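Trainee: Contents are PDB, C-alpha atoms and all ligand atoms; file name input.pdb:
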ATOM      1  CA  MET A   1     -46.070  19.435 -64.099
ATOM      2  CA  GLU A   2     -43.007  21.090 -62.483
ATOM      3  CA  GLY A   3     -44.197  19.824 -59.108
ATOM      4  CA  LEU A   4     -46.468  20.927 -56.286
ATOM      5  CA  THR A   5     -45.873  24.581 -55.439
ATOM      6  CA  ALA A   6     -45.630  23.857 -51.723
ATOM      7  CA  LEU A   7     -42.941  21.219 -52.296
ATOM      8  CA  ARG A   8     -41.048  23.433 -54.731
ATOM      9  CA  THR A   9     -41.188  26.202 -52.122
ATOM     10  CA  TRP A  10     -39.770  23.839 -49.486
ATOM     11  CA  PHE A  11     -36.788  22.906 -51.679
ATOM     12  CA  ALA A  12     -36.359  26.537 -52.822
ATOM     13  CA  ARG A  13     -35.936  27.858 -49.298
ATOM     14  CA  GLU A  14     -32.848  25.743 -48.660
ATOM     15  CA  ALA A  15     -31.189  26.874 -51.889
ATOM     16  CA  GLY A  16     -32.077  30.535 -51.381
ATOM     17  CA  VAL A  17     -34.112  30.804 -54.607
ATOM     18  CA  GLY A  18     -37.787  31.198 -55.523
ATOM     19  CA  PRO A  19     -40.106  28.227 -56.215
ATOM     20  CA  ALA A  20     -40.126  29.028 -59.952
ATOM     21  CA  GLN A  21     -36.464  27.953 -60.019
ATOM     22  CA  VAL A  22     -37.272  24.431 -58.790
ATOM     23  CA  LEU A  23     -38.344  21.294 -60.681
ATOM     24  CA  ILE A  24     -39.409  18.247 -58.688
ATOM     25  CA  THR A  25     -37.673  15.091 -59.967
ATOM     26  CA  ALA A  26     -37.850  11.351 -59.311
ATOM     27  CA  GLY A  27     -34.813  11.389 -57.011
ATOM     28  CA  GLY A  28     -31.233  12.385 -57.711
ATOM     29  CA  GLN A  29     -30.479   9.911 -60.475
ATOM     30  CA  ALA A  30     -33.366  11.161 -62.635
ATOM     31  CA  ALA A  31     -32.264  14.733 -61.952
ATOM     32  CA  LEU A  32     -28.719  13.936 -63.114
ATOM     33  CA  THR A  33     -30.009  12.287 -66.275
ATOM     34  CA  THR A  34     -32.161  15.299 -67.107
ATOM     35  CA  ALA A  35     -29.380  17.757 -66.324
ATOM     36  CA  LEU A  36     -26.784  16.013 -68.469
ATOM     37  CA  ARG A  37     -29.159  15.601 -71.394
ATOM     38  CA  ALA A  38     -30.210  19.239 -71.178
ATOM     39  CA  LEU A  39     -26.757  20.770 -70.775
ATOM     40  CA  ALA A  40     -24.205  18.623 -72.616
ATOM     41  CA  PRO A  41     -24.511  17.740 -76.317
ATOM     42  CA  PRO A  42     -23.772  14.091 -77.244
ATOM     43  CA  GLY A  43     -20.094  13.565 -78.008
ATOM     44  CA  SER A  44     -18.965  16.405 -75.754
ATOM     45  CA  ALA A  45     -16.690  16.161 -72.737
ATOM     46  CA  LEU A  46     -18.085  16.105 -69.197
ATOM     47  CA  LEU A  47     -15.600  17.173 -66.531
ATOM     48  CA  VAL A  48     -15.880  15.121 -63.335
ATOM     49  CA  GLU A  49     -13.994  15.012 -60.075
ATOM     50  CA  SER A  50     -11.591  12.103 -59.827
ATOM     51  CA  PRO A  51     -12.790   9.899 -58.212
ATOM     52  CA  THR A  52     -16.539  10.401 -58.605
ATOM     53  CA  TYR A  53     -19.930   8.702 -58.255
ATOM     54  CA  PRO A  54     -20.128   5.771 -60.731
ATOM     55  CA  GLY A  55     -23.832   6.480 -61.342
ATOM     56  CA  VAL A  56     -22.959   9.757 -63.043
ATOM     57  CA  LEU A  57     -20.322   8.066 -65.209
ATOM     58  CA  ALA A  58     -22.976   5.553 -66.307
ATOM     59  CA  VAL A  59     -25.500   8.279 -67.165
ATOM     60  CA  ALA A  60     -22.843  10.263 -69.019
ATOM     61  CA  ARG A  61     -21.770   7.295 -71.115
ATOM     62  CA  ALA A  62     -25.403   6.394 -71.877
ATOM     63  CA  ALA A  63     -25.908   9.976 -73.091
ATOM     64  CA  GLY A  64     -22.877   9.710 -75.392
ATOM     65  CA  LEU A  65     -20.692  12.018 -73.283
ATOM     66  CA  ARG A  66     -16.976  11.617 -72.599
ATOM     67  CA  PRO A  67     -16.258  11.827 -68.865
ATOM     68  CA  VAL A  68     -12.910  13.578 -68.292
ATOM     69  CA  PRO A  69     -11.384  13.343 -64.802
ATOM     70  CA  VAL A  70     -10.141  16.431 -62.956
ATOM     71  CA  PRO A  71      -7.807  15.778 -59.993
ATOM     72  CA  THR A  72      -9.004  16.441 -56.455
ATOM     73  CA  ASP A  73      -7.327  16.549 -53.065
ATOM     74  CA  ALA A  74      -8.682  16.491 -49.507
ATOM     75  CA  ASP A  75     -10.271  19.938 -50.148
ATOM     76  CA  GLY A  76     -12.154  18.949 -53.291
ATOM     77  CA  VAL A  77     -11.410  19.742 -56.914
ATOM     78  CA  ARG A  78      -8.183  21.620 -57.652
ATOM     79  CA  PRO A  79      -9.309  24.879 -59.297
ATOM     80  CA  GLU A  80      -6.187  25.471 -61.409
ATOM     81  CA  LEU A  81      -6.557  21.998 -62.934
ATOM     82  CA  LEU A  82     -10.278  22.571 -63.499
ATOM     83  CA  ALA A  83      -9.453  25.684 -65.523
ATOM     84  CA  ASP A  84      -6.867  23.711 -67.523
ATOM     85  CA  ALA A  85      -9.401  20.938 -68.181
ATOM     86  CA  PHE A  86     -11.997  23.387 -69.507
ATOM     87  CA  GLY A  87      -9.318  24.859 -71.767
ATOM     88  CA  ALA A  88      -8.137  21.486 -73.050
ATOM     89  CA  THR A  89     -11.558  19.907 -73.681
ATOM     90  CA  GLY A  90     -14.008  22.721 -74.424
ATOM     91  CA  ALA A  91     -16.375  20.997 -71.970
ATOM     92  CA  ARG A  92     -19.644  22.786 -71.213
ATOM     93  CA  VAL A  93     -20.369  21.035 -67.915
ATOM     94  CA  PHE A  94     -18.487  20.188 -64.709
ATOM     95  CA  PHE A  95     -20.131  17.664 -62.393
ATOM     96  CA  CYS A  96     -19.167  17.969 -58.742
ATOM     97  CA  GLN A  97     -20.231  17.132 -55.218
ATOM     98  CA  PRO A  98     -19.014  19.991 -53.012
ATOM     99  CA  LEU A  99     -20.409  18.450 -49.804
ATOM    100  CA  PHE A 100     -19.364  15.023 -48.440
ATOM    101  CA  GLN A 101     -18.333  13.725 -51.828
ATOM    102  CA  ASN A 102     -19.106  10.142 -52.785
ATOM    103  CA  PRO A 103     -16.710   8.340 -52.448
ATOM    104  CA  THR A 104     -14.061  10.457 -50.649
ATOM    105  CA  GLY A 105     -16.253  12.382 -48.165
ATOM    106  CA  ALA A 106     -14.346  15.575 -49.058
ATOM    107  CA  VAL A 107     -15.922  19.024 -48.682
ATOM    108  CA  LEU A 108     -14.951  21.723 -51.171
ATOM    109  CA  ALA A 109     -12.772  24.213 -49.252
ATOM    110  CA  PRO A 110     -14.346  27.651 -48.601
ATOM    111  CA  GLY A 111     -11.623  29.378 -50.643
ATOM    112  CA  ARG A 112     -12.376  27.222 -53.685
ATOM    113  CA  ARG A 113     -16.160  27.600 -53.854
ATOM    114  CA  ALA A 114     -16.376  30.921 -55.701
ATOM    115  CA  GLN A 115     -13.388  29.920 -57.843
ATOM    116  CA  VAL A 116     -15.149  26.816 -59.148
ATOM    117  CA  THR A 117     -18.265  28.750 -60.171
ATOM    118  CA  GLU A 118     -16.186  31.561 -61.683
ATOM    119  CA  ILE A 119     -13.952  29.215 -63.680
ATOM    120  CA  ALA A 120     -17.012  27.480 -65.149
ATOM    121  CA  ARG A 121     -18.679  30.792 -65.939
ATOM    122  CA  ALA A 122     -15.547  32.051 -67.673
ATOM    123  CA  ALA A 123     -15.565  28.881 -69.796
ATOM    124  CA  GLY A 124     -19.236  29.438 -70.748
ATOM    125  CA  ALA A 125     -20.068  26.219 -68.889
ATOM    126  CA  PHE A 126     -22.396  24.977 -66.164
ATOM    127  CA  VAL A 127     -21.566  23.409 -62.825
ATOM    128  CA  ILE A 128     -23.853  20.536 -61.836
ATOM    129  CA  GLU A 129     -23.773  20.549 -58.046
ATOM    130  CA  ASP A 130     -24.879  17.145 -56.729
ATOM    131  CA  ASP A 131     -25.844  17.916 -53.141
ATOM    132  CA  PHE A 132     -27.046  14.387 -52.389
ATOM    133  CA  ALA A 133     -25.465  14.259 -48.910
ATOM    134  CA  ARG A 134     -26.748  17.521 -47.377
ATOM    135  CA  ARG A 135     -29.056  15.644 -45.019
ATOM    136  CA  LEU A 136     -26.374  13.061 -44.183
ATOM    137  CA  GLY A 137     -24.097  15.325 -42.131
ATOM    138  CA  HIS A 138     -22.783  13.915 -38.868
ATOM    139  CA  GLY A 139     -23.870  16.908 -36.835
ATOM    140  CA  GLY A 140     -21.582  19.874 -37.582
ATOM    141  CA  PRO A 141     -22.461  23.132 -39.366
ATOM    142  CA  LEU A 142     -22.912  22.929 -43.142
ATOM    143  CA  PRO A 143     -21.815  25.350 -45.858
ATOM    144  CA  ALA A 144     -24.557  26.765 -48.092
ATOM    145  CA  PRO A 145     -24.997  25.049 -51.445
ATOM    146  CA  LEU A 146     -23.027  26.627 -54.325
ATOM    147  CA  VAL A 147     -26.291  27.573 -56.036
ATOM    148  CA  ALA A 148     -27.151  29.878 -53.130
ATOM    149  CA  ASP A 149     -24.112  32.053 -53.937
ATOM    150  CA  ASP A 150     -24.453  31.951 -57.725
ATOM    151  CA  PRO A 151     -25.789  35.192 -59.152
ATOM    152  CA  TYR A 152     -25.264  34.187 -62.796
ATOM    153  CA  GLY A 153     -27.201  30.942 -63.264
ATOM    154  CA  THR A 154     -24.007  28.908 -63.702
ATOM    155  CA  VAL A 155     -24.888  26.293 -61.085
ATOM    156  CA  VAL A 156     -27.514  23.594 -61.607
ATOM    157  CA  HIS A 157     -28.238  22.083 -58.219
ATOM    158  CA  VAL A 158     -29.355  18.480 -57.681
ATOM    159  CA  THR A 159     -30.835  17.329 -54.416
ATOM    160  CA  SER A 160     -32.719  14.242 -53.295
ATOM    161  CA  LEU A 161     -34.619  12.901 -50.310
ATOM    162  CA  THR A 162     -33.989   9.214 -50.989
ATOM    163  CA  LYS A 163     -30.903   8.852 -48.810
ATOM    164  CA  PRO A 164     -32.225  10.305 -45.540
ATOM    165  CA  THR A 165     -35.638   8.642 -46.002
ATOM    166  CA  SER A 166     -35.983   5.578 -48.204
ATOM    167  CA  PRO A 167     -34.752   4.520 -51.652
ATOM    168  CA  SER A 168     -38.445   4.280 -52.608
ATOM    169  CA  LEU A 169     -39.229   7.890 -51.764
ATOM    170  CA  ARG A 170     -38.009   8.886 -55.183
ATOM    171  CA  VAL A 171     -38.338  12.619 -54.792
ATOM    172  CA  GLY A 172     -35.644  15.163 -55.449
ATOM    173  CA  ALA A 173     -35.217  18.497 -57.166
ATOM    174  CA  LEU A 174     -33.323  20.334 -59.869
ATOM    175  CA  ILE A 175     -32.704  23.949 -58.937
ATOM    176  CA  ALA A 176     -31.157  26.684 -61.049
ATOM    177  CA  ARG A 177     -31.327  30.415 -61.428
ATOM    178  CA  GLY A 178     -32.288  31.925 -64.705
ATOM    179  CA  PRO A 179     -33.471  30.579 -68.042
ATOM    180  CA  VAL A 180     -31.734  27.203 -67.827
ATOM    181  CA  VAL A 181     -34.709  25.956 -65.774
ATOM    182  CA  GLU A 182     -36.784  26.011 -68.969
ATOM    183  CA  ARG A 183     -34.222  23.844 -70.759
ATOM    184  CA  LEU A 184     -34.238  21.367 -67.901
ATOM    185  CA  ARG A 185     -38.013  21.272 -67.862
ATOM    186  CA  ALA A 186     -38.239  20.657 -71.629
ATOM    187  CA  ILE A 187     -36.005  17.571 -71.282
ATOM    188  CA  GLN A 188     -37.740  16.333 -68.128
ATOM    189  CA  VAL A 189     -41.106  16.319 -69.910
ATOM    190  CA  VAL A 190     -39.653  14.123 -72.644
ATOM    191  CA  ASP A 191     -37.864  11.765 -70.238
ATOM    192  CA  SER A 192     -40.242  11.226 -67.343
ATOM    193  CA  PHE A 193     -43.214  13.615 -67.614
ATOM    194  CA  PHE A 194     -43.601  14.360 -63.899
ATOM    195  CA  VAL A 195     -43.405  12.856 -60.402
ATOM    196  CA  PRO A 196     -46.705  11.268 -59.245
ATOM    197  CA  ARG A 197     -48.769  13.681 -57.192
ATOM    198  CA  PRO A 198     -49.543  11.263 -54.314
ATOM    199  CA  LEU A 199     -45.803  10.771 -53.812
ATOM    200  CA  GLN A 200     -45.241  14.524 -53.722
ATOM    201  CA  GLU A 201     -48.069  14.947 -51.219
ATOM    202  CA  ALA A 202     -46.683  12.190 -48.999
ATOM    203  CA  THR A 203     -43.292  13.917 -49.159
ATOM    204  CA  LEU A 204     -44.756  17.251 -48.125
ATOM    205  CA  GLU A 205     -46.494  15.623 -45.215
ATOM    206  CA  LEU A 206     -43.237  13.978 -44.156
ATOM    207  CA  VAL A 207     -40.977  17.027 -44.337
ATOM    208  CA  GLY A 208     -43.654  19.245 -42.769
ATOM    209  CA  ALA A 209     -44.170  16.946 -39.783
ATOM    210  CA  PRO A 210     -42.804  17.943 -36.355
ATOM    211  CA  ALA A 211     -40.918  14.630 -36.359
ATOM    212  CA  TRP A 212     -38.842  15.552 -39.478
ATOM    213  CA  PRO A 213     -36.109  17.555 -37.686
ATOM    214  CA  ARG A 214     -35.972  14.853 -35.040
ATOM    215  CA  HIS A 215     -35.560  12.222 -37.745
ATOM    216  CA  LEU A 216     -32.677  14.172 -39.315
ATOM    217  CA  ARG A 217     -30.968  14.437 -35.927
ATOM    218  CA  ALA A 218     -31.364  10.681 -35.458
ATOM    219  CA  VAL A 219     -29.842  10.068 -38.918
ATOM    220  CA  ALA A 220     -26.869  12.297 -38.003
ATOM    221  CA  THR A 221     -26.306  10.532 -34.695
ATOM    222  CA  GLY A 222     -26.667   7.080 -36.254
ATOM    223  CA  LEU A 223     -24.210   7.877 -39.037
ATOM    224  CA  ARG A 224     -21.680   9.387 -36.630
ATOM    225  CA  GLU A 225     -21.828   6.368 -34.315
ATOM    226  CA  ARG A 226     -21.413   3.950 -37.181
ATOM    227  CA  ARG A 227     -18.566   5.951 -38.713
ATOM    228  CA  ASP A 228     -16.769   5.988 -35.365
ATOM    229  CA  ALA A 229     -17.367   2.255 -34.895
ATOM    230  CA  MET A 230     -15.915   1.547 -38.322
ATOM    231  CA  LEU A 231     -12.884   3.753 -37.683
ATOM    232  CA  ALA A 232     -12.265   2.109 -34.314
ATOM    233  CA  ALA A 233     -12.481  -1.334 -35.911
ATOM    234  CA  LEU A 234     -10.114  -0.280 -38.705
ATOM    235  CA  ARG A 235      -7.590   1.104 -36.197
ATOM    236  CA  ARG A 236      -7.669  -2.246 -34.451
ATOM    237  CA  GLU A 237      -7.764  -4.610 -37.441
ATOM    238  CA  LEU A 238      -6.357  -2.716 -40.438
ATOM    239  CA  PRO A 239      -4.472   0.340 -39.138
ATOM    240  CA  ASP A 240      -2.726   0.929 -42.486
ATOM    241  CA  LEU A 241      -6.087   1.617 -44.130
ATOM    242  CA  VAL A 242      -7.349   4.310 -41.713
ATOM    243  CA  PRO A 243      -8.032   7.418 -43.842
ATOM    244  CA  ASP A 244      -6.056  10.612 -43.138
ATOM    245  CA  ARG A 245      -9.129  12.799 -43.053
ATOM    246  CA  ILE A 246     -12.289  11.649 -41.315
ATOM    247  CA  PRO A 247     -15.487  12.485 -43.246
ATOM    248  CA  ALA A 248     -17.980  14.677 -41.366
ATOM    249  CA  GLY A 249     -20.920  13.455 -43.420
ATOM    250  CA  GLY A 250     -22.083  10.633 -45.659
ATOM    251  CA  TYR A 251     -22.169   6.907 -45.082
ATOM    252  CA  GLN A 252     -18.899   5.570 -46.405
ATOM    253  CA  LEU A 253     -15.129   5.467 -46.010
ATOM    254  CA  TRP A 254     -12.754   5.519 -48.965
ATOM    255  CA  LEU A 255      -9.787   3.312 -48.215
ATOM    256  CA  ARG A 256      -6.455   3.462 -50.031
ATOM    257  CA  LEU A 257      -5.080  -0.080 -50.337
ATOM    258  CA  PRO A 258      -1.358  -0.873 -50.421
ATOM    259  CA  ASP A 259       0.185  -0.577 -53.900
ATOM    260  CA  GLY A 260      -0.308  -3.677 -55.963
ATOM    261  CA  THR A 261      -3.386  -4.941 -54.055
ATOM    262  CA  ASP A 262      -5.860  -6.651 -56.367
ATOM    263  CA  GLU A 263      -9.172  -4.874 -55.590
ATOM    264  CA  THR A 264     -11.216  -7.501 -57.392
ATOM    265  CA  ALA A 265      -9.593 -10.380 -55.509
ATOM    266  CA  LEU A 266     -10.186  -8.517 -52.253
ATOM    267  CA  GLY A 267     -13.822  -7.860 -53.160
ATOM    268  CA  THR A 268     -14.319 -11.558 -53.934
ATOM    269  CA  ALA A 269     -12.602 -12.712 -50.740
ATOM    270  CA  ALA A 270     -14.694 -10.251 -48.696
ATOM    271  CA  LEU A 271     -17.898 -11.399 -50.357
ATOM    272  CA  ARG A 272     -17.066 -15.007 -49.491
ATOM    273  CA  ALA A 273     -17.172 -13.793 -45.894
ATOM    274  CA  SER A 274     -20.515 -11.986 -46.551
ATOM    275  CA  VAL A 275     -18.931  -8.508 -46.566
ATOM    276  CA  ALA A 276     -19.737  -6.262 -49.531
ATOM    277  CA  VAL A 277     -17.160  -3.641 -50.521
ATOM    278  CA  ALA A 278     -17.074  -1.570 -53.708
ATOM    279  CA  ALA A 279     -13.914  -1.810 -55.813
ATOM    280  CA  GLY A 280     -12.399   1.635 -56.335
ATOM    281  CA  ARG A 281     -11.920   1.267 -60.078
ATOM    282  CA  ALA A 282     -15.591   2.033 -60.844
ATOM    283  CA  TYR A 283     -15.175   5.505 -59.317
ATOM    284  CA  PHE A 284     -12.575   6.661 -61.823
ATOM    285  CA  ALA A 285     -13.452   7.981 -65.273
ATOM    286  CA  ALA A 286     -10.061   6.820 -66.578
ATOM    287  CA  GLU A 287      -7.472   4.397 -65.227
ATOM    288  CA  ALA A 288      -7.396   4.268 -61.427
ATOM    289  CA  PRO A 289      -4.201   5.859 -60.048
ATOM    290  CA  ALA A 290      -4.054   3.374 -57.145
ATOM    291  CA  PRO A 291      -6.140   0.591 -55.596
ATOM    292  CA  TYR A 292      -9.037   1.654 -53.355
ATOM    293  CA  ILE A 293     -12.201   0.239 -51.869
ATOM    294  CA  ARG A 294     -15.295   2.018 -50.634
ATOM    295  CA  VAL A 295     -16.896   0.610 -47.497
ATOM    296  CA  SER A 296     -20.354   1.678 -46.385
ATOM    297  CA  PHE A 297     -21.506   1.848 -42.786
ATOM    298  CA  ALA A 298     -25.165   2.696 -43.491
ATOM    299  CA  ASP A 299     -26.722  -0.580 -44.503
ATOM    300  CA  THR A 300     -25.875  -2.522 -41.352
ATOM    301  CA  SER A 301     -27.829  -3.541 -38.296
ATOM    302  CA  GLY A 302     -25.528  -1.495 -36.055
ATOM    303  CA  THR A 303     -22.067  -1.107 -34.611
ATOM    304  CA  GLU A 304     -21.605  -4.791 -33.725
ATOM    305  CA  GLU A 305     -22.144  -5.824 -37.321
ATOM    306  CA  ILE A 306     -19.640  -3.152 -38.414
ATOM    307  CA  ASP A 307     -17.079  -4.553 -35.957
ATOM    308  CA  GLU A 308     -17.576  -8.038 -37.268
ATOM    309  CA  GLY A 309     -17.518  -6.846 -40.887
ATOM    310  CA  ILE A 310     -14.142  -5.154 -40.470
ATOM    311  CA  ARG A 311     -12.765  -8.242 -38.705
ATOM    312  CA  ARG A 312     -13.808 -10.322 -41.713
ATOM    313  CA  LEU A 313     -12.404  -7.712 -44.112
ATOM    314  CA  ALA A 314      -9.053  -7.968 -42.310
ATOM    315  CA  THR A 315      -9.108 -11.742 -42.829
ATOM    316  CA  ALA A 316      -9.927 -11.219 -46.526
ATOM    317  CA  CYS A 317      -7.028  -8.751 -46.842
ATOM    318  CA  ALA A 318      -4.656 -11.273 -45.249
ATOM    319  CA  GLU A 319      -5.879 -13.969 -47.641
ATOM    320  CA  VAL A 320      -5.313 -11.743 -50.680
ATOM    321  CA  ARG A 321      -1.844 -10.759 -49.439
ATOM    322  CA  ALA A 322      -0.996 -14.426 -48.981
ATOM    323  CA  GLY A 323      -2.345 -15.219 -52.461
ATOM    324  CA  ILE A 324      -4.957 -17.662 -51.160
TER     325      ILE A 324
HETATM  326  C1  LIG B 401     -23.457  11.122 -55.417
HETATM  327  C2  LIG B 401     -24.796  10.567 -55.698
HETATM  328  N1  LIG B 401     -25.642  11.255 -56.464
HETATM  329  C3  LIG B 401     -26.867  10.789 -56.761
HETATM  330  C4  LIG B 401     -27.293   9.568 -56.310
HETATM  331  C5  LIG B 401     -28.656   9.097 -56.709
HETATM  332  O1  LIG B 401     -29.509   9.053 -55.638
HETATM  333  P1  LIG B 401     -31.082   8.863 -55.738
HETATM  334  O2  LIG B 401     -31.469   8.665 -57.165
HETATM  335  O3  LIG B 401     -31.387   7.674 -54.898
HETATM  336  O4  LIG B 401     -31.650  10.120 -55.176
HETATM  337  C6  LIG B 401     -26.436   8.798 -55.514
HETATM  338  C7  LIG B 401     -26.834   7.466 -55.040
HETATM  339  O5  LIG B 401     -26.065   6.700 -54.503
HETATM  340  C8  LIG B 401     -25.162   9.311 -55.205
HETATM  341  O6  LIG B 401     -24.294   8.608 -54.454
END
Can you present the structure in this file as structure tokens?

Mentor:
Amino acid sequence: MEGLTALRTWFAREAGVGPAQVLITAGGQAALTTALRALAPPGSALLVESPTYPGVLAVARAAGLRPVPVPTDADGVRPELLADAFGATGARVFFCQPLFQNPTGAVLAPGRRAQVTEIARAAGAFVIEDDFARRLGHGGPLPAPLVADDPYGTVVHVTSLTKPTSPSLRVGALIARGPVVERLRAIQVVDSFFVPRPLQEATLELVGAPAWPRHLRAVATGLRERRDAMLAALRRELPDLVPDRIPAGGYQLWLRLPDGTDETALGTAALRASVAVAAGRAYFAAEAPAPYIRVSFADTSGTEEIDEGIRRLATACAEVRAGI
């Protein structure tokens, strides 16, 4: 029911825990749903980074939770404000993405990692660590997941294989130290029973194959090339939008638009030119502090399409500025 032992062992190794601390889930989204239902009572506050992944805001609202934004900067969540937010809301859960955050690409700074876990522990709360982008790095060294350095069972770790493989390979894991695993399992049984065994076996075969590390290297190279192509095109076409800090992982750029830009109008103008961008508003739990868009460089045929896409985005921006 919890998943095939061999697959649980594979996920456990990366997080530095034993297989008994791992539940196999139907991807990351199912893991988030289970974690929120297990850890946060309906009506309670859920602390989230601002901005954050809209999929977690949707799950939280569906579970009757109140997402409360905590400010971040280029180094991730700001610990002193996280402590204040726990104090002000009595929240029992903080959702975060310490590695290549969606949408900003930020990595939680080394000096903040222990602080985040400690602040949550002091508040009697859990940290849900969504590690969805661990296999989407662009080639550099990666920090260990927070759960690997958590002796107290404060961190509930979410991971998924959908992004580096296929959206249909809906296999991921929930990992936690200590008794909270039982709580997670009790909710998972109610929600989704278990992940089909043939899918788990196919996953094991995939990640155990000699070609798996090669595949991950190819993903890293492909993402890096596409990121660089998008940045080069932005420098050429829309230099004001080039981000200050270049993400070292993930598949998107988070672009701050000039004050007063209408994100929706820009999204519509871009779509008319067959370019899909995500309006920034959806990534904020409360009112957006400024206009943003998120542009993805994964779902393209290659660098030429990225070039062309940014050229068309520049035209859409000019149209919106001119009020066309
Ligand atoms: C931050 C984050 N977490 C979780 C997910 C869910 O991923 P999946 O259910 O495909 O594993 C996504 C998907 O976009 C995501 O961006």

Trainee: Return as lines of an AutoDock Vina configuration file the centre and edge lengths, in Å with one decimal, of the box along x, y and z that encloses every atom of range 242-256 of chain A in the file, padded by 5 Å per side.

Mentor:
center_x = -14.1
center_y = 9.0
center_z = -45.7
size_x = 26.1
size_y = 21.4
size_z = 18.7

Trainee: Apply the PyMOL selection byres (((not hetatm)) within 6 of (chain B and resi 401)) to the displayed file and report the matching residues as a PyMOL selection string.

Mentor: chain A and resi 27-29+53+102+130+132+160+162+167

Trainee: Pick the closest to Ala186 in chain A from A:Thr303, A:Thr34, A:Thr159, A:Ser296: which is it, counting only C-alpha atoms?

Mentor: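 For Ala186 in chain A, the nearest of the given residues is A:Thr34.
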
Trainee: Around the point (-25.3, 12.7, -35.8) (coordinates from the file), which residues reach within 10 Å if we count all atoms listed in the file? Answer as a VMD selection string.

Mentor: chain A and resid 136 to 140 216 to 227 248 to 249

Trainee: Closest to Pro145 in chain A among A:Glu14, A:Glu49, A:Asp262, A:Glu118, using all atoms listed in the file?

Mentor: A:Glu14
